[in-house]
Amino acid sequence: MKRLSEASRAIGVFDSGVGGLTVFKALRRELPREKLVYFGDTARVPYGTKTKESVTRFSLEIAHFLEKRGIKLLVVACNTASSLALAALKRELDIPVIGVIRPAVRAAASLSRTGTIGLIGTEATVASGAYQRALSTIVRGDRIVARPCPLFVSLVEEGWWDRPVVRMVAEEYLAPLKRSKMDALILGCTHYPMLAPLLQRVVGPKVRLVDSARETALEVRAVLESKGLLRRAGTGSDLFFVTDGAVRVKRLARRFLGGRSPRVHVARLG
Ligand code: DGL
């Protein structure tokens with residue numbers, strides 16, 4: 001009986017802003033019966049240029065907010081927070097905490113034949129070395145070639161997913177990776193899956209793109225199943241919180257989620 005009520009609790013999903021909606025969308029697709037609570041820290045975005053101390057503090061505040069709402073599992077749907085704050089979150093919380101790094105690295109390692117895996121993300125994510133550390137625990141000898149691509153976040157939020165100017169920016173960012181033996185490329189930032197078709201054209205058909213949103217959703221399902229926490233009956237529900245700018249978030253959410261304009265609540269932390 002206890003298990004049943006635990007399984008009916010919500011999954012918490014957080015990001016620095018709206019980008020984590022790519023993970024939210026993948027979770028919704030993979031887990032249609034689950035209750036999902038999304039939290040976007042839009043008052044303090046971006047995290048990608050901030051220090052480990054700040055990102056950890058922000059992440060813990062959000063995790064405690066979601067914990068108070070009785071979530072059964074937390075998804076850190078932000079690559080920067082996963083890179084900098086995952087260990088602290090796991091230490092502090094009594095529920096499973098899943099970041100976006102390991103699922104993506106595992107997928108990339110199994111796809112790569114050359115052993116050279118590309119990574120693009122925010123400055124903080126790339127500088128943290130978190131992907132490199134995760135890779136070294138999964139497979140020996142493979143290496144990551146990484147490049148921060150900070151401009152992509154603004155371009156995606158502008159809705160410019162397939163414009164010539166974005167292609168030019170992508171060519172510039174990805175040139176050093178293309179000169180390597182990379183045959184898999186991790187889209188290591190929440191916003192980048194929106195650019196996947198364009199990025200695929202830039203890197204060519206021989207490089208497999210790894211979308212951390214999808215890989216994370218699969219991992220969440222596997223963890224819920226293994227812990228007997230998967231919700232097997234009922235219909236799913238969505239709840240959205242942000243720390244600022246609910247009107248803008250509503251507009252962007254429609255774009256990210258494809259046609260749906262959700263109700264967005266403004267939350268006060270602390
Ligand atoms: N959500 C962030 C990430 O995935 C991108 C935006 C930011 O810098 O906060 O790294």
# chains A, B, ... in the order shown; residues from 1 in each chain; ligands from 1
>>> residues_around(residues="Phe14 in chain A", least_positions_apart="4", cutoff="6 Å", atoms="only C-alpha atoms", output="list in words")
Tyr38, Phe39, Gly40, Val76 and Ala77 of chain A
>>> write_last_selection(atoms="N, CA, C and O atoms", output="CSV table (one decimal), in the first residue's frame")
chain,number,residue,atom,x,y,z
A,38,TYR,N,7.4,21.1,-12.9
A,38,TYR,CA,8.6,21.8,-13.5
A,38,TYR,C,8.9,23.1,-12.7
A,38,TYR,O,8.0,23.8,-12.4
A,39,PHE,N,10.2,23.3,-12.5
A,39,PHE,CA,10.6,24.6,-11.9
A,39,PHE,C,11.7,25.2,-12.7
A,39,PHE,O,12.8,24.6,-12.9
A,40,GLY,N,11.5,26.4,-13.2
A,40,GLY,CA,12.5,27.2,-13.9
A,40,GLY,C,12.9,28.4,-13.2
A,40,GLY,O,12.1,29.2,-12.8
A,76,VAL,N,17.4,16.7,-12.5
A,76,VAL,CA,18.2,18.0,-12.7
A,76,VAL,C,18.3,18.2,-14.2
A,76,VAL,O,19.2,17.7,-14.8
A,77,ALA,N,17.3,18.9,-14.7
A,77,ALA,CA,17.2,19.0,-16.2
A,77,ALA,C,18.0,20.2,-16.7
A,77,ALA,O,17.6,20.9,-17.6
>>> residues_around(residues="range 183-195 of chain A", least_positions_apart="4", cutoff="8 Å", atoms="only C-alpha atoms", output="MDAnalysis selection string")
chainID A and resid 19:23 77:80 101 104:105 108 111:122 125 152:153 156 161:162 199 206:213
>>> closest_residue(among="A:Ser5, A:Ser180, A:Thr42, A:Ser82", to="Ala246 in chain A", atoms="only C-alpha atoms")
A:Thr42
>>> residues_around(residues="Arg140 in chain A", least_positions_apart="5", cutoff="12 Å", atoms="only C-alpha atoms", output="compact mmCIF listing (two decimals) with N, CA, C and O atoms, in the first residue's frame")
# COMPACT_ATOMS: atom_id res chain seq x y z
N ALA A 109 29.10 6.91 -25.43
CA ALA A 109 30.17 5.90 -25.39
C ALA A 109 29.76 4.66 -26.16
O ALA A 109 30.59 4.03 -26.82
N GLY A 115 36.12 6.53 -30.44
CA GLY A 115 36.53 6.82 -29.06
C GLY A 115 36.71 8.31 -28.82
O GLY A 115 37.15 8.73 -27.75
N THR A 116 36.38 9.14 -29.82
CA THR A 116 36.45 10.58 -29.62
C THR A 116 35.03 11.14 -29.64
O THR A 116 34.32 11.04 -30.65
N GLN A 132 33.85 14.62 -18.69
CA GLN A 132 35.07 13.83 -18.79
C GLN A 132 35.14 12.83 -17.64
O GLN A 132 35.49 11.66 -17.84
N ARG A 133 34.79 13.29 -16.43
CA ARG A 133 34.84 12.40 -15.26
C ARG A 133 33.84 11.25 -15.42
O ARG A 133 34.14 10.10 -15.16
N ALA A 134 32.64 11.59 -15.90
CA ALA A 134 31.61 10.55 -16.08
C ALA A 134 32.09 9.53 -17.12
O ALA A 134 31.96 8.32 -16.92
N LEU A 135 32.69 10.02 -18.19
CA LEU A 135 33.15 9.11 -19.24
C LEU A 135 34.22 8.16 -18.71
O LEU A 135 34.20 6.96 -19.01
>>> select_by_dssp(residues="range 121-227 of chain A", states="strand (DSSP E or B)", output="compact mmCIF listing (two decimals) with N, CA and C atoms, in the first residue's frame")
# COMPACT_ATOMS: atom_id res chain seq x y z
N GLY A 121 28.37 22.73 -24.68
CA GLY A 121 27.56 23.10 -23.52
C GLY A 121 27.87 24.53 -23.11
N ARG A 143 37.92 9.69 -25.24
CA ARG A 143 38.19 11.06 -24.80
C ARG A 143 37.10 12.00 -25.28
N ILE A 144 37.00 13.12 -24.58
CA ILE A 144 36.01 14.13 -24.94
C ILE A 144 36.71 15.35 -25.49
N VAL A 145 36.22 15.84 -26.64
CA VAL A 145 36.70 17.13 -27.14
C VAL A 145 35.53 18.10 -26.97
N ALA A 146 35.76 19.19 -26.24
CA ALA A 146 34.63 20.02 -25.82
C ALA A 146 34.77 21.47 -26.28
N ARG A 147 33.63 22.11 -26.43
CA ARG A 147 33.62 23.52 -26.83
C ARG A 147 32.39 24.20 -26.22
N PRO A 148 32.57 25.26 -25.45
CA PRO A 148 31.39 26.00 -24.99
C PRO A 148 30.74 26.76 -26.14
N ALA A 184 30.63 11.10 -32.34
CA ALA A 184 29.39 11.30 -31.57
C ALA A 184 29.50 12.67 -30.93
N LEU A 185 28.40 13.38 -30.87
CA LEU A 185 28.42 14.74 -30.31
C LEU A 185 27.30 14.87 -29.28
N ILE A 186 27.70 15.13 -28.03
CA ILE A 186 26.71 15.30 -26.96
C ILE A 186 26.19 16.74 -26.96
N LEU A 187 24.87 16.87 -27.06
CA LEU A 187 24.26 18.20 -26.97
C LEU A 187 24.10 18.48 -25.47
N GLY A 188 25.17 19.02 -24.86
CA GLY A 188 25.26 19.11 -23.41
C GLY A 188 24.69 20.38 -22.82
N ARG A 208 27.04 11.06 -34.85
CA ARG A 208 25.73 10.81 -34.21
C ARG A 208 25.51 11.83 -33.09
N LEU A 209 24.38 12.49 -33.13
CA LEU A 209 24.06 13.46 -32.08
C LEU A 209 23.44 12.74 -30.89
N VAL A 210 23.84 13.12 -29.70
CA VAL A 210 23.26 12.52 -28.49
C VAL A 210 22.46 13.60 -27.75
N ASP A 211 21.16 13.35 -27.67
CA ASP A 211 20.24 14.30 -27.04
C ASP A 211 20.07 13.88 -25.58
>>> select_by_dssp(residues="range 30-259 of chain A", states="alpha helix (DSSP H)", output="PyMOL selection string")
chain A and resi 30+52-68+79-92+101-111+123-128+130-138+151-157+164-178+196-203+212-226+246-257
>>> closest_residue(among="A:His265, A:Arg231, A:Arg201, A:Arg251", to="Ala7 in chain A", atoms="only C-alpha atoms")
A:Arg231
>>> closest_residue(among="A:Arg33, A:Lys50, A:Lys25, A:Arg91", to="ligand 1", atoms="only C-alpha atoms and all ligand atoms")
A:Lys50
>>> residues_around(residues="Ala170 in chain A", least_positions_apart="2", cutoff="9 Å", atoms="only C-alpha atoms", output="ChimeraX atom specification")
/A:149,152,165-168,172-175,198-199,202
>>> atom_distance(atom1="atom 7 (C, counted along the ligand's line) of ligand 1", atom2="CA of Tyr47 in chain A")
4.4 Å
